[in-house]
2 protein chains.
Amino acid sequence: MASPRRMGSPEAKNRAALLDAAEQIMLEEGYPAASSRRVAEKAGLKHQLVHYYFHGMDELFTAAFRRSAERGLRVQAEALKSAQPLWALWRWHTNSLNAPLWTEYIAMANHRKGLRAEISYYSKRFREEQRWIVDRALRSYGVDPDELPAVAAIVLLTSISRVLVMEEELGVPDGHAETVAIVERYLTKLEGEPTVG
Amino acid sequence: MASPRRMGSPEAKNRAALLDAAEQIMLEEGYPAASSRRVAEKAGLKHQLVHYYFHGMDELFTAAFRRSAERGLRVQAEALKSAQPLWALWRWHTNSLNAPLWTEYIAMANHRKGLRAEISYYSKRFREEQRWIVDRALRSYGVDPDELPAVAAIVLLTSISRVLVMEEELGVPDGHAETVAIVERYLTKLEGEPTVG
DNA sequence: GTCTATAATCAGATAGAC
DNA sequence: GTCTATCTGATTATAGAC
């Protein structure tokens with residue numbers, strides 16, 4: 001049963017402004033601070049407009065995540081075109097500025113099941129896109145797929161980088177330099193020194 | 001300037017009950033649901049008692065984290081006595097039931113600076129305790145510390161296991177079996193097959 | 001699309017009696 | 001230690017005018 005309430009179009013400028021504001025607050029103060037009123041205020045709008053553009057906060061957060069994930073997929077697709085896809089994957093994840101945002105979404109997903117399904121769906125899409133490109137690359141480097149399957153290489157690279165970024169933010173850099181050295185030594189063995197472009 | 005308010009002793013039974021209740025709610029519904037009123041209710045107490053035992057929610061969360069971290073240090077110390085410390089570390093982190101709780105605390109730390117310092121402090125203590133034991137083990141296995149420093153081995157093991165647990169919860173198990181196989185193959189090469197005890 | 005106005009609920013915190 | 005009572009402010013959400 002559809003809601004009788006009116007609803008703003010997805011293309012509206014103010015809708016995007018609300019999503020921007022939500023993400024900014026989530027980053028600066030954590031997702032519980034991203035209330036309808038504060039989000040609207042940061043967007044320079046009245047708080048009631050949140051309910052005009054979204055059925056509720058759940059829908060707003062889901063929309064924000066989806067938009068951010070779609071952007072990420074486009075950026076990743078571009079990065080994976082590199083002649084050194086492993087380096088590209090590694091660099092992208094270790095530099096990624098929106099890692100903190102993902103942390104917020106994952107924490108939020110613990111009690112917002114709609115968001116949880118969304119994160120699960122996009123995580124799989126990210127991994128699928130990486131998979132065949134990395135698989136092709138590893139084979140061309142002469143890596144035995146039984147020794148190191150592409151999915152495993154991906155999980156390893158992304159896990160390590162994700163935790164490094166997270167700990168860096170927390171101010172716990174112990175062992176990071178040594179770990180990065182090991183990973184990058186291996187990447188160099190496979191793909192050579194990273195090129196700038 | 002100290003608060004003039006009265007305060008319950010840290011040994012009080014109800015204080016512990018409040019901490020238990022807070023952790024349980026955090027796990028089930030996420031940390032924003034752990035309000036003073038809901039925590040007290042779950043502990044079977046009146047909500048005003050939260051303010052008798054703690055100066056505020058910040059203090060409650062910090063106390064809950066510290067208690068949980070101290071417990072973790074004791075469990076880890078026991079685990080690291082194993083003849084196979086790397087296996088122990090790996091198994092402990094991949095099975096750890098309180099990984100979700102840590103996710104909550106880390107998300108919370110983004111806007112509660114007291115908690116942030118606490119997490120940083122304990123993360124370092126965990127890593128220090130692991131360090132010399134893993135270092136001694138790796139040397140006894142004949143591993144070159146320049147090739148694989150103990151800190152790096154620790155960061156690698158804990159990063160990978162942490163992300164595996166997190167993704168498992170999200171329902172994204174893709175590539176996990178392959179990754180676990182690679183890690184465990186390496187652990188077996190160093191420490192042999194894991195013993196049950 | 002955007003506004004005013006309003007309802008219902010919940011939060012953290014404190015004073016003071018018992 | 002625990003209670004009643006109370007204060008103050010924030011939150012989501014809706015109806016209906018403009």
# chains A, B, ... in the order shown; residues from 1 in each chain; ligands from 1
call {"tool": "closest_atom_pairs", "arguments": {"of": "chain D", "to": "chain A", "cutoff": "10 Å", "atoms": "only C-alpha atoms (C1' of nucleotides)", "output": "JSON lines"}}
result
{"residue": "D:DA10", "atom": "C1'", "partner": "A:Arg37", "partner_atom": "CA", "distance": 9.2}
{"residue": "D:DT11", "atom": "C1'", "partner": "A:Ser35", "partner_atom": "CA", "distance": 7.5}
{"residue": "D:DT12", "atom": "C1'", "partner": "A:Ser36", "partner_atom": "CA", "distance": 7.8}
{"residue": "D:DA13", "atom": "C1'", "partner": "A:His51", "partner_atom": "CA", "distance": 7.8}
{"residue": "D:DT14", "atom": "C1'", "partner": "A:His51", "partner_atom": "CA", "distance": 9.5}
call {"tool": "write_last_selection", "arguments": {"atoms": "N, CA and C atoms (P, O5', C5', C4', C3', O3' and C1' of nucleotides)", "output": "PDB file, in the first residue's frame"}}
result
ATOM      1  P    DA D  10      17.595  21.950  21.520  1.00  0.00           P
ATOM      2  O5'  DA D  10      17.409  20.526  20.835  1.00  0.00           O
ATOM      3  C5'  DA D  10      18.186  19.430  21.282  1.00  0.00           C
ATOM      4  C4'  DA D  10      17.588  18.158  20.733  1.00  0.00           C
ATOM      5  C3'  DA D  10      17.132  18.293  19.279  1.00  0.00           C
ATOM      6  O3'  DA D  10      17.888  17.401  18.460  1.00  0.00           O
ATOM      7  C1'  DA D  10      15.424  17.324  20.666  1.00  0.00           C
ATOM      8  P    DT D  11      17.600  17.185  16.954  1.00  0.00           P
ATOM      9  O5'  DT D  11      16.515  16.010  16.870  1.00  0.00           O
ATOM     10  C5'  DT D  11      16.792  14.755  17.488  1.00  0.00           C
ATOM     11  C4'  DT D  11      15.608  13.835  17.285  1.00  0.00           C
ATOM     12  C3'  DT D  11      15.005  13.980  15.892  1.00  0.00           C
ATOM     13  O3'  DT D  11      15.420  12.921  15.062  1.00  0.00           O
ATOM     14  C1'  DT D  11      13.314  14.007  17.611  1.00  0.00           C
ATOM     15  P    DT D  12      15.062  13.038  13.558  1.00  0.00           P
ATOM     16  O5'  DT D  12      13.652  12.318  13.380  1.00  0.00           O
ATOM     17  C5'  DT D  12      13.452  10.987  13.849  1.00  0.00           C
ATOM     18  C4'  DT D  12      11.975  10.658  13.753  1.00  0.00           C
ATOM     19  C3'  DT D  12      11.401  10.775  12.337  1.00  0.00           C
ATOM     20  O3'  DT D  12      10.679   9.588  12.053  1.00  0.00           O
ATOM     21  C1'  DT D  12      10.093  12.059  13.847  1.00  0.00           C
ATOM     22  P    DA D  13      10.067   9.385  10.587  1.00  0.00           P
ATOM     23  O5'  DA D  13       8.661  10.114  10.653  1.00  0.00           O
ATOM     24  C5'  DA D  13       7.755   9.742  11.688  1.00  0.00           C
ATOM     25  C4'  DA D  13       6.556  10.682  11.657  1.00  0.00           C
ATOM     26  C3'  DA D  13       6.043  10.990  10.254  1.00  0.00           C
ATOM     27  O3'  DA D  13       4.804  10.314  10.080  1.00  0.00           O
ATOM     28  C1'  DA D  13       6.078  12.916  11.666  1.00  0.00           C
ATOM     29  P    DT D  14       4.126  10.269   8.657  1.00  0.00           P
ATOM     30  O5'  DT D  14       2.954  11.331   8.826  1.00  0.00           O
ATOM     31  C5'  DT D  14       2.223  11.329  10.050  1.00  0.00           C
ATOM     32  C4'  DT D  14       1.359  12.575  10.144  1.00  0.00           C
ATOM     33  C3'  DT D  14       0.723  12.978   8.813  1.00  0.00           C
ATOM     34  O3'  DT D  14      -0.689  12.959   8.966  1.00  0.00           O
ATOM     35  C1'  DT D  14       1.689  14.853   9.908  1.00  0.00           C
TER      36       DT D  14
END
call {"tool": "interface_residues", "arguments": {"of": "chain B", "to": "chain A", "cutoff": "6 Å", "atoms": "only C-alpha atoms", "output": "count of residues only"}}
result
10
call {"tool": "residues_around", "arguments": {"residues": "Pro145 (chain A)", "least_positions_apart": "6", "cutoff": "9 Å", "atoms": "only C-alpha atoms (C1' of nucleotides)", "output": "JSON, numbers by chain"}}
result
{"A": [135, 138, 139]}
call {"tool": "interface_residues", "arguments": {"of": "chain C", "to": "chain B", "cutoff": "8 Å", "atoms": "only C-alpha atoms (C1' of nucleotides)", "output": "list in words"}}
result
DA11, DG12 and DA13 of chain C
call {"tool": "write_last_selection", "arguments": {"atoms": "N, CA and C atoms (P, O5', C5', C4', C3', O3' and C1' of nucleotides)", "output": "CSV table (one decimal), in the first residue's frame"}}
result
chain,number,residue,atom,x,y,z
C,11,DA,P,14.7,7.1,25.3
C,11,DA,O5',15.6,8.4,25.4
C,11,DA,C5',16.3,8.8,24.2
C,11,DA,C4',17.0,10.1,24.5
C,11,DA,C3',17.7,10.1,25.9
C,11,DA,O3',19.0,9.7,25.7
C,11,DA,C1',16.4,12.1,25.6
C,12,DG,P,19.9,9.3,27.0
C,12,DG,O5',20.2,10.7,27.7
C,12,DG,C5',21.0,11.6,26.9
C,12,DG,C4',21.2,12.9,27.8
C,12,DG,C3',21.9,12.6,29.1
C,12,DG,O3',22.9,13.6,29.3
C,12,DG,C1',19.8,13.6,29.5
C,13,DA,P,23.8,13.5,30.6
C,13,DA,O5',23.0,14.3,31.7
C,13,DA,C5',22.7,15.7,31.4
C,13,DA,C4',21.8,16.3,32.5
C,13,DA,C3',22.4,16.0,33.9
C,13,DA,O3',22.8,17.2,34.5
C,13,DA,C1',20.0,15.7,33.8
call {"tool": "residues_around", "arguments": {"residues": "Ala69 (chain B)", "least_positions_apart": "3", "cutoff": "12 Å", "atoms": "only C-alpha atoms (C1' of nucleotides)", "output": "VMD selection string"}}
result
chain B and resid 62 to 66 72 to 76 98 to 99 101 to 102 105 115 118 to 126
call {"tool": "atom_distance", "arguments": {"atom1": "CA of Leu19 (chain A)", "atom2": "CA of Leu49 (chain A)"}}
result
12.2 Å
call {"tool": "atom_distance", "arguments": {"atom1": "CA of Trp87 (chain B)", "atom2": "CA of Arg71 (chain B)"}}
result
20.3 Å
call {"tool": "residues_around", "arguments": {"residues": "DC3 (chain D)", "least_positions_apart": "2", "cutoff": "12 Å", "atoms": "only C-alpha atoms (C1' of nucleotides)", "output": "MDAnalysis selection string"}}
result
(chainID B and resid 45:49) or (chainID C and resid 16:18) or (chainID D and resid 1 5)
call {"tool": "select_by_dssp", "arguments": {"residues": "chain A", "states": "alpha helix (DSSP H)", "output": "PyMOL selection string"}}
result
chain A and resi 13-29+36-42+48-53+57-79+85-95+99-109+113-140+150-170+176-191
call {"tool": "atom_distance", "arguments": {"atom1": "CA of Tyr141 (chain A)", "atom2": "CA of Tyr186 (chain A)"}}
result
12.3 Å
